[in-house]
$ cat query-v7.csv   # CSV, C-alpha atoms and all ligand atoms
chain,number,residue,atom,x,y,z
A,1,MET,CA,-15.1,-18.6,-2.6
A,2,THR,CA,-15.5,-15.0,-1.4
A,3,ARG,CA,-15.8,-12.4,-4.2
A,4,PRO,CA,-12.8,-10.2,-4.6
A,5,ILE,CA,-13.1,-6.6,-3.5
A,6,LEU,CA,-10.4,-5.6,-6.0
A,7,ASN,CA,-10.1,-7.4,-9.3
A,8,VAL,CA,-7.3,-6.5,-11.7
A,9,THR,CA,-7.2,-8.2,-15.1
A,10,GLY,CA,-4.6,-8.0,-17.9
A,11,LEU,CA,-3.0,-4.7,-16.7
A,12,ALA,CA,-0.1,-3.5,-18.8
A,13,LYS,CA,2.3,-0.5,-18.8
A,14,ARG,CA,5.1,0.3,-21.2
A,15,PHE,CA,7.8,3.0,-20.8
A,16,GLY,CA,8.9,3.3,-24.4
A,17,GLY,CA,10.4,-0.1,-25.2
A,18,LEU,CA,10.4,-1.2,-21.6
A,19,VAL,CA,7.5,-3.4,-20.5
A,20,ALA,CA,7.0,-2.5,-16.8
A,21,THR,CA,3.8,-4.5,-16.2
A,22,ASP,CA,2.8,-7.2,-18.6
A,23,ASN,CA,-0.7,-8.7,-18.5
A,24,VAL,CA,-0.9,-8.6,-14.7
A,25,SER,CA,-4.0,-10.2,-13.1
A,26,ILE,CA,-4.3,-10.0,-9.3
A,27,ASP,CA,-7.2,-9.9,-6.9
A,28,VAL,CA,-7.8,-9.1,-3.3
A,29,ARG,CA,-10.5,-10.6,-1.1
A,30,PRO,CA,-12.2,-8.9,1.7
A,31,GLY,CA,-10.1,-8.9,4.9
A,32,GLU,CA,-7.1,-10.3,2.9
A,33,ILE,CA,-3.5,-9.2,2.8
A,34,HIS,CA,-2.2,-10.1,-0.6
A,35,ALA,CA,1.6,-9.6,-0.8
A,36,LEU,CA,3.3,-8.7,-4.0
A,37,ILE,CA,7.0,-9.6,-4.1
A,38,GLY,CA,9.7,-9.6,-6.7
A,39,PRO,CA,13.2,-8.4,-7.5
A,40,ASN,CA,14.1,-4.7,-7.9
A,41,GLY,CA,12.7,-3.3,-11.1
A,42,ALA,CA,10.1,-6.0,-11.4
A,43,GLY,CA,7.3,-3.5,-11.7
A,44,LYS,CA,5.7,-3.5,-8.2
A,45,THR,CA,5.6,0.3,-7.7
A,46,THR,CA,4.4,0.8,-11.3
A,47,LEU,CA,1.5,-1.6,-10.6
A,48,ILE,CA,0.6,0.3,-7.4
A,49,SER,CA,0.7,3.6,-9.3
A,50,GLN,CA,-1.5,2.1,-12.1
A,51,LEU,CA,-4.1,0.9,-9.6
A,52,LEU,CA,-4.3,4.4,-8.1
A,53,GLY,CA,-4.4,6.1,-11.5
A,54,GLU,CA,-1.2,8.0,-11.0
A,55,LEU,CA,0.1,6.2,-14.1
A,56,PRO,CA,-2.3,5.5,-16.9
A,57,HIS,CA,-2.4,1.9,-18.1
A,58,ASP,CA,-2.0,0.8,-21.7
A,59,ALA,CA,-4.3,-2.2,-21.3
A,60,GLY,CA,-6.4,-4.1,-18.7
A,61,SER,CA,-9.2,-3.5,-16.3
A,62,ILE,CA,-9.4,-2.6,-12.6
A,63,GLU,CA,-12.6,-3.3,-10.7
A,64,LEU,CA,-13.3,-2.1,-7.2
A,65,GLU,CA,-16.3,-3.8,-5.6
A,66,GLY,CA,-17.5,-4.8,-9.1
A,67,ARG,CA,-17.2,-1.3,-10.5
A,68,GLU,CA,-14.6,-0.5,-13.3
A,69,ILE,CA,-12.4,2.3,-12.0
A,70,GLY,CA,-9.6,2.1,-14.5
A,71,ASN,CA,-10.8,5.2,-16.4
A,72,LEU,CA,-11.3,7.3,-13.2
A,73,SER,CA,-9.0,10.0,-11.8
A,74,THR,CA,-6.9,9.3,-8.7
A,75,ALA,CA,-9.2,11.5,-6.6
A,76,ARG,CA,-12.3,9.5,-7.7
A,77,ARG,CA,-10.5,6.2,-6.9
A,78,VAL,CA,-9.6,7.5,-3.5
A,79,HIS,CA,-13.1,8.6,-2.9
A,80,LEU,CA,-14.4,5.1,-3.9
A,81,GLY,CA,-12.0,3.5,-1.4
A,82,LEU,CA,-8.5,3.1,-2.6
A,83,ALA,CA,-5.5,4.5,-0.6
A,84,ARG,CA,-1.8,4.1,-0.7
A,85,THR,CA,1.2,4.6,1.5
A,86,PHE,CA,4.5,5.5,-0.1
A,87,GLN,CA,8.0,4.1,-0.1
A,88,VAL,CA,9.3,7.6,0.7
A,89,THR,CA,7.3,9.5,3.4
A,90,CYS,CA,4.7,11.9,2.1
A,91,LEU,CA,3.5,13.9,5.1
A,92,LEU,CA,3.2,17.6,6.0
A,93,PRO,CA,6.4,18.0,8.0
A,94,ASP,CA,5.6,21.4,9.7
A,95,TYR,CA,2.2,20.3,11.0
A,96,THR,CA,1.6,18.2,14.1
A,97,VAL,CA,0.9,14.5,14.0
A,98,LEU,CA,-2.7,15.1,14.9
A,99,ASP,CA,-3.1,17.8,12.2
A,100,ASN,CA,-1.8,15.4,9.5
A,101,VAL,CA,-4.5,12.9,10.4
A,102,ALA,CA,-7.2,15.4,10.9
A,103,ILE,CA,-6.5,16.9,7.4
A,104,ALA,CA,-6.7,13.4,5.9
A,105,ILE,CA,-10.1,12.9,7.5
A,106,GLN,CA,-11.3,16.3,6.2
A,107,LEU,CA,-10.1,15.5,2.7
A,108,ARG,CA,-12.0,12.2,2.9
A,109,GLN,CA,-15.1,14.2,3.8
A,110,GLY,CA,-14.7,16.2,0.7
A,111,HIS,CA,-13.4,19.4,2.2
A,112,SER,CA,-11.0,21.5,0.3
A,113,PHE,CA,-7.4,21.5,1.6
A,114,ARG,CA,-7.4,25.3,2.0
A,115,PHE,CA,-9.8,25.0,4.9
A,116,TRP,CA,-7.1,23.1,6.8
A,117,GLY,CA,-7.1,25.8,9.5
A,118,ASN,CA,-10.4,24.4,10.8
A,119,VAL,CA,-8.8,21.2,11.9
A,120,ARG,CA,-7.4,22.9,15.0
A,121,LYS,CA,-10.9,24.1,16.1
A,122,ASP,CA,-13.0,21.1,15.3
A,123,ASN,CA,-13.2,18.9,18.5
A,124,ALA,CA,-15.1,16.1,16.9
A,125,LEU,CA,-12.6,15.9,14.1
A,126,ARG,CA,-9.7,15.9,16.5
A,127,LYS,CA,-11.3,13.1,18.5
A,128,LYS,CA,-11.7,11.0,15.4
A,129,ALA,CA,-8.1,11.7,14.4
A,130,ARG,CA,-6.9,10.5,17.9
A,131,GLY,CA,-8.7,7.2,17.3
A,132,PHE,CA,-6.6,6.6,14.1
A,133,LEU,CA,-3.4,7.6,16.0
A,134,ARG,CA,-4.3,5.1,18.7
A,135,ASP,CA,-4.6,2.4,16.0
A,136,ALA,CA,-1.2,3.3,14.7
A,137,GLY,CA,0.4,3.4,18.1
A,138,LEU,CA,1.0,7.2,18.1
A,139,ASP,CA,-1.4,8.3,20.7
A,140,ASP,CA,1.3,10.0,22.9
A,141,ARG,CA,2.9,11.8,19.9
A,142,ALA,CA,-0.3,13.7,18.8
A,143,GLU,CA,1.0,17.2,19.4
A,144,VAL,CA,4.6,16.6,18.1
A,145,VAL,CA,5.6,18.5,14.9
A,146,THR,CA,5.9,15.7,12.3
A,147,ALA,CA,9.4,16.7,11.2
A,148,ASN,CA,10.5,15.8,14.7
A,149,LEU,CA,9.3,12.2,14.5
A,150,SER,CA,11.7,9.3,14.0
A,151,HIS,CA,11.6,7.5,10.7
A,152,GLY,CA,9.7,4.6,12.2
A,153,GLU,CA,7.1,7.0,13.7
A,154,GLN,CA,6.7,8.7,10.3
A,155,LYS,CA,5.9,5.3,8.8
A,156,GLN,CA,3.3,4.8,11.5
A,157,LEU,CA,1.9,8.2,10.8
A,158,GLU,CA,1.7,7.4,7.1
A,159,LEU,CA,-0.4,4.4,8.0
A,160,ALA,CA,-2.7,6.5,10.3
A,161,VAL,CA,-3.1,9.1,7.5
A,162,ALA,CA,-4.0,6.3,5.0
A,163,LEU,CA,-6.4,4.7,7.4
A,164,ALA,CA,-8.0,8.1,8.1
A,165,THR,CA,-9.3,8.1,4.5
A,166,GLU,CA,-11.2,4.9,5.5
A,167,PRO,CA,-10.2,2.9,2.5
A,168,ARG,CA,-11.7,-0.4,1.4
A,169,VAL,CA,-8.3,-1.4,-0.1
A,170,LEU,CA,-5.0,-0.1,1.1
A,171,LEU,CA,-1.9,-0.3,-1.2
A,172,LEU,CA,1.2,-0.5,0.9
A,173,ASP,CA,4.5,0.3,-0.8
A,174,GLU,CA,7.3,-1.1,1.4
A,175,PRO,CA,6.0,-0.1,4.8
A,176,MET,CA,8.9,-1.9,6.5
A,177,ALA,CA,11.6,0.1,4.6
A,178,GLY,CA,14.2,1.6,6.9
A,179,LEU,CA,12.6,0.2,10.1
A,180,GLY,CA,14.6,-1.5,12.8
A,181,HIS,CA,13.6,-4.8,14.2
A,182,VAL,CA,11.4,-3.5,17.0
A,183,GLU,CA,9.7,-1.0,14.7
A,184,SER,CA,9.1,-3.7,12.1
A,185,GLU,CA,7.5,-5.9,14.7
A,186,GLN,CA,5.2,-3.0,15.7
A,187,MET,CA,4.3,-2.3,12.1
A,188,ILE,CA,3.4,-6.0,11.5
A,189,ALA,CA,1.2,-6.0,14.6
A,190,MET,CA,-0.5,-2.8,13.5
A,191,LEU,CA,-1.2,-4.1,10.0
A,192,ARG,CA,-2.5,-7.3,11.4
A,193,GLY,CA,-4.8,-5.3,13.7
A,194,CYS,CA,-6.2,-3.4,10.6
A,195,LYS,CA,-7.0,-6.5,8.6
A,196,GLU,CA,-10.6,-6.8,9.5
A,197,ARG,CA,-11.4,-3.3,8.4
A,198,VAL,CA,-9.3,-3.0,5.3
A,199,SER,CA,-8.0,-5.3,2.6
A,200,MET,CA,-4.4,-4.8,1.5
A,201,ILE,CA,-1.9,-5.2,-1.3
A,202,LEU,CA,1.5,-5.3,0.4
A,203,VAL,CA,4.6,-4.6,-1.6
A,204,GLU,CA,7.5,-5.6,0.5
A,205,HIS,CA,11.1,-6.8,0.3
A,206,ASP,CA,11.2,-7.9,4.0
A,207,MET,CA,10.3,-11.6,3.7
A,208,ASP,CA,9.8,-12.0,7.4
A,209,ALA,CA,7.1,-9.4,7.3
A,210,VAL,CA,5.5,-10.9,4.1
A,211,PHE,CA,5.4,-14.4,5.6
A,212,ALA,CA,4.1,-13.1,8.9
A,213,LEU,CA,1.3,-11.1,7.3
A,214,ALA,CA,0.3,-12.4,3.9
A,215,ASP,CA,-2.8,-14.6,3.2
A,216,ARG,CA,-1.6,-15.0,-0.4
A,217,VAL,CA,1.6,-14.0,-2.2
A,218,SER,CA,2.0,-13.1,-5.9
A,219,VAL,CA,5.5,-13.0,-7.4
A,220,LEU,CA,6.3,-10.4,-10.1
A,221,VAL,CA,9.3,-10.9,-12.3
A,222,TYR,CA,10.0,-8.6,-15.3
A,223,GLY,CA,6.5,-7.2,-15.1
A,224,ARG,CA,4.8,-10.7,-15.1
A,225,ILE,CA,3.2,-12.5,-12.3
A,226,ILE,CA,4.8,-16.0,-12.3
A,227,ALA,CA,3.0,-17.4,-9.3
A,228,THR,CA,0.2,-16.7,-6.8
A,229,GLY,CA,-0.5,-18.9,-3.8
A,230,THR,CA,-0.3,-19.2,0.0
A,231,VAL,CA,3.0,-18.6,1.8
A,232,GLU,CA,3.7,-22.3,1.9
A,233,GLU,CA,2.9,-22.7,-1.9
A,234,ILE,CA,5.2,-19.8,-2.8
A,235,ARG,CA,8.0,-21.0,-0.5
A,236,GLU,CA,7.9,-24.4,-2.2
A,237,ASN,CA,7.5,-23.2,-5.8
A,238,ALA,CA,10.7,-24.1,-7.7
A,239,GLU,CA,10.1,-21.5,-10.5
A,240,VAL,CA,9.8,-18.7,-7.8
A,241,ARG,CA,13.1,-19.8,-6.2
A,242,THR,CA,14.9,-19.9,-9.5
A,243,ALA,CA,13.5,-16.6,-10.8
A,244,TYR,CA,13.6,-14.7,-7.6
A,245,LEU,CA,16.6,-15.9,-5.6
A,246,GLY,CA,18.6,-18.2,-7.8
A,247,GLU,CA,18.2,-21.9,-7.9
A,248,GLY,CA,18.7,-23.9,-4.7
A,249,GLU,CA,18.2,-21.0,-2.3
A,250,ASP,CA,15.5,-20.9,0.3
A,251,LEU,CA,12.9,-18.2,0.2
A,252,CYS,CA,13.1,-17.2,3.8
A,301,LIG,N1,8.5,6.8,-15.1
A,301,LIG,C1,9.2,5.9,-15.6
A,301,LIG,N2,9.8,6.0,-16.8
A,301,LIG,C2,10.6,5.1,-17.4
A,301,LIG,N3,10.8,3.9,-16.8
A,301,LIG,C3,10.3,3.6,-15.6
A,301,LIG,C4,9.5,4.6,-15.0
A,301,LIG,N4,9.0,4.1,-13.8
A,301,LIG,C5,9.6,2.9,-13.7
A,301,LIG,N5,10.3,2.6,-14.8
A,301,LIG,C6,11.0,1.3,-15.0
A,301,LIG,O1,10.0,0.3,-15.0
A,301,LIG,C7,10.6,-0.9,-14.4
A,301,LIG,C8,9.8,-1.2,-13.1
A,301,LIG,O2,10.0,-0.3,-12.1
A,301,LIG,P1,9.3,-0.3,-10.7
A,301,LIG,O3,9.8,0.9,-9.9
A,301,LIG,O4,7.9,-0.4,-10.9
A,301,LIG,O5,9.9,-1.6,-10.1
A,301,LIG,P2,9.8,-2.2,-8.6
A,301,LIG,O6,9.5,-3.6,-8.7
A,301,LIG,O7,8.9,-1.3,-7.8
A,301,LIG,O8,11.3,-2.0,-8.1
A,301,LIG,P3,11.8,-1.7,-6.6
A,301,LIG,O9,11.6,-3.0,-5.8
A,301,LIG,O10,13.3,-1.4,-6.8
A,301,LIG,O11,11.1,-0.5,-6.0
A,301,LIG,C9,12.0,-0.5,-14.0
A,301,LIG,O12,12.8,-1.0,-15.1
A,301,LIG,C10,12.0,1.0,-14.0
A,301,LIG,O13,13.3,1.5,-14.4

$ encode --input "query-v7.csv" --output "C-alpha cells"
Amino acid sequence: MTRPILNVTGLAKRFGGLVATDNVSIDVRPGEIHALIGPNGAGKTTLISQLLGELPHDAGSIELEGREIGNLSTARRVHLGLARTFQVTCLLPDYTVLDNVAIAIQLRQGHSFRFWGNVRKDNALRKKARGFLRDAGLDDRAEVVTANLSHGEQKQLELAVALATEPRVLLLDEPMAGLGHVESEQMIAMLRGCKERVSMILVEHDMDAVFALADRVSVLVYGRIIATGTVEEIRENAEVRTAYLGEGEDLC
C-alpha cells in the first residue's frame, strides 16, 4: 500500500470540558481525496485548524512526508507543504484577482508581504499567477477587483490562492458552501483536475460532492472517527447511518 503523505495519530483537543477532537487518527495518500464528514459541531473545523497549527493540540502527532510537524508554527507547516481554504472567504477584496494569486506565489517564495507592490511589475510572476487562475477557471476575471466577484468566483479564487502556494496537502473546509448547482459542478471538476498534483482532506456537508470526489471517507461524530472506508463502505455502514443521519435513512 502507498505510504501516506500525511499521517495523523491520536490527535486531541479540549475546550475546557468539551472534547472537540478525541484520539483522531487519519491519513492521506498521495493523489488521494480523503473526505471528512460529520454532523455540525463534530470537530471537523477544529481538526483542520489543528493540522495547520492554528490551534495547538493537547495530544497526538502529525507527520507530513514522514516528518513530525505537530510542534511547528503554521508558517513552517505551510512552507513544508500544507495549505487550507476557509469556510468563509479570506481574500484581499480591494486587489485584483490576479494580484491575490501573485501575492500568494510571492509569499510561497518567502517574500515579505510588504513588497506586494512588486507583483504588478513582475511579468514572470504574473504569468505564473495566470496559470493558477486558468486551473481555477478564472482566466477571464484576472483584472477584476476581488470584491466584485460573485460568491462562487471567490471560492474559485480561494482555490487558486491555495494552489499558488504549491501545497503537498490541501485542507478544504466546505468548498461547496453557498455554491449553486452549476458552480458546485465546476468546483467538483476543478478539484478532480487538481488531484494528481495535490492530496486533499475535504471537509464537506454536500454529500453529492463527497461521493463524486472522495477516494475514502472518514466519519467524525462527537470528535471521534467512527468509520473510514470507500464511498460504498461508508454508504453501507449501519453505525454511520445511525450516528450521522438517524437509523433507516440513506446516506445520499
Ligand atoms: N474556540 C473554541 N472555543 C470553545 N469551543 C469551541 C471552539 N471552537 C470550536 N468549539 C466547539 O468544538 C466543537 C467542534 O466544533 P467544530 O467547529 O470543529 O465542528 P464542525 O464539525 O466543524 O462543525 P460545522 O460542521 O458546524 O462547521 C463544537 O462543540 C464547538 O462549539

$ residues_near_ligand --input "query-v7.csv" --ligand "ligand LIG 301 (chain A)" --cutoff "9 Å" --atoms "all atoms listed in the file" --output "ChimeraX atom specification"
/A:13-16,18-21,37-49,55,87,173-174,203-205,220-223

$ atom_distance --input "query-v7.csv" --atom1 "atom CA of Asn148 of chain A" --atom2 "atom CA of Val101 of chain A"
15.9 Å

$ residues_around --input "query-v7.csv" --residues "Arg141 of chain A" --least-positions-apart "3" --cutoff "10 Å" --atoms "only C-alpha atoms" --output "list in words"
Thr96, Val97, Leu98, Leu133, Arg134, Gly137, Leu138, Val144, Val145, Thr146, Leu149, Glu153 and Leu157 of chain A

$ closest_residue --input "query-v7.csv" --among "A:Lys128, A:His34, A:Arg67, A:Lys195" --to "Phe211 of chain A" --atoms "only C-alpha atoms"
A:His34

$ residues_around --input "query-v7.csv" --residues "Arg76 of chain A" --least-positions-apart "5" --cutoff "12 Å" --atoms "only C-alpha atoms" --output "number ranges by chain"
A: 52-54, 64, 68-71, 81-83, 108, 110

$ residues_around --input "query-v7.csv" --residues "segment 187-192 of chain A" --least-positions-apart "2" --cutoff "10 Å" --atoms "only C-alpha atoms" --output "list in words"
Ile33, Asp135, Ala136, Gly137, Gly152, Glu153, Lys155, Gln156, Leu159, Pro175, Met176, Leu179, His181, Val182, Glu183, Ser184, Glu185, Cys194, Lys195, Glu196, Val198, Met200, Asp208, Ala209, Val210, Ala212, Leu213 and Ala214 of chain A

$ residues_around --input "query-v7.csv" --residues "Asn7 of chain A" --least-positions-apart "2" --cutoff "6 Å" --atoms "only C-alpha atoms" --output "PyMOL selection string"
chain A and resi 27+62-63

$ write_last_selection --input "query-v7.csv" --atoms "C-alpha atoms" --output "mmCIF file, in the frame of the given file"
data_model
loop_
_atom_site.group_PDB
_atom_site.id
_atom_site.type_symbol
_atom_site.label_atom_id
_atom_site.label_comp_id
_atom_site.auth_asym_id
_atom_site.auth_seq_id
_atom_site.Cartn_x
_atom_site.Cartn_y
_atom_site.Cartn_z
ATOM 1 C CA ASP A 27 -7.200 -9.900 -6.900
ATOM 2 C CA ILE A 62 -9.400 -2.600 -12.600
ATOM 3 C CA GLU A 63 -12.600 -3.300 -10.700
#

$ closest_residue --input "query-v7.csv" --among "A:Pro56, A:Pro167, A:Gly10, A:Pro93" --to "Ser199 of chain A" --atoms "all atoms listed in the file"
A:Pro167

$ closest_residue --input "query-v7.csv" --among "A:Asn123, A:Thr165, A:Thr228, A:Gln186" --to "Ala104 of chain A" --atoms "all atoms listed in the file"
A:Thr165

$ atom_distance --input "query-v7.csv" --atom1 "atom CA of Leu51 of chain A" --atom2 "atom CA of Val8 of chain A"
8.3 Å

$ closest_residue --input "query-v7.csv" --among "A:Ala129, A:Leu202, A:Ala160, A:Ile225" --to "Leu172 of chain A" --atoms "only C-alpha atoms"
A:Leu202

$ atom_distance --input "query-v7.csv" --atom1 "atom CA of Lys121 of chain A" --atom2 "atom CA of Ala142 of chain A"
15.1 Å

$ closest_residue --input "query-v7.csv" --among "A:Val78, A:Ala177, A:Leu170, A:Ile103" --to "Leu125 of chain A" --atoms "all atoms listed in the file"
A:Ile103

$ residues_around --input "query-v7.csv" --residues "Arg197 of chain A" --least-positions-apart "6" --cutoff "10 Å" --atoms "all atoms listed in the file" --output "list in words"
Pro30, Gly31, Glu32, Leu163, Glu166, Pro167, Arg168 and Val169 of chain A

$ residues_near_point --input "query-v7.csv" --point "(7.6, -25.2, -6.4)" --cutoff "12 Å" --atoms "all atoms listed in the file" --output "list in words"
Ile226, Ala227, Thr228, Gly229, Thr230, Val231, Glu232, Glu233, Ile234, Arg235, Glu236, Asn237, Ala238, Glu239, Val240, Arg241, Thr242, Ala243, Glu247, Gly248, Asp250 and Leu251 of chain A

$ write_last_selection --input "query-v7.csv" --atoms "C-alpha atoms" --output "mmCIF file, in the frame of the given file"
data_model
loop_
_atom_site.group_PDB
_atom_site.id
_atom_site.type_symbol
_atom_site.label_atom_id
_atom_site.label_comp_id
_atom_site.auth_asym_id
_atom_site.auth_seq_id
_atom_site.Cartn_x
_atom_site.Cartn_y
_atom_site.Cartn_z
ATOM 1 C CA ILE A 226 4.800 -16.000 -12.300
ATOM 2 C CA ALA A 227 3.000 -17.400 -9.300
ATOM 3 C CA THR A 228 0.200 -16.700 -6.800
ATOM 4 C CA GLY A 229 -0.500 -18.900 -3.800
ATOM 5 C CA THR A 230 -0.300 -19.200 0.000
ATOM 6 C CA VAL A 231 3.000 -18.600 1.800
ATOM 7 C CA GLU A 232 3.700 -22.300 1.900
ATOM 8 C CA GLU A 233 2.900 -22.700 -1.900
ATOM 9 C CA ILE A 234 5.200 -19.800 -2.800
ATOM 10 C CA ARG A 235 8.000 -21.000 -0.500
ATOM 11 C CA GLU A 236 7.900 -24.400 -2.200
ATOM 12 C CA ASN A 237 7.500 -23.200 -5.800
ATOM 13 C CA ALA A 238 10.700 -24.100 -7.700
ATOM 14 C CA GLU A 239 10.100 -21.500 -10.500
ATOM 15 C CA VAL A 240 9.800 -18.700 -7.800
ATOM 16 C CA ARG A 241 13.100 -19.800 -6.200
ATOM 17 C CA THR A 242 14.900 -19.900 -9.500
ATOM 18 C CA ALA A 243 13.500 -16.600 -10.800
ATOM 19 C CA GLU A 247 18.200 -21.900 -7.900
ATOM 20 C CA GLY A 248 18.700 -23.900 -4.700
ATOM 21 C CA ASP A 250 15.500 -20.900 0.300
ATOM 22 C CA LEU A 251 12.900 -18.200 0.200
#
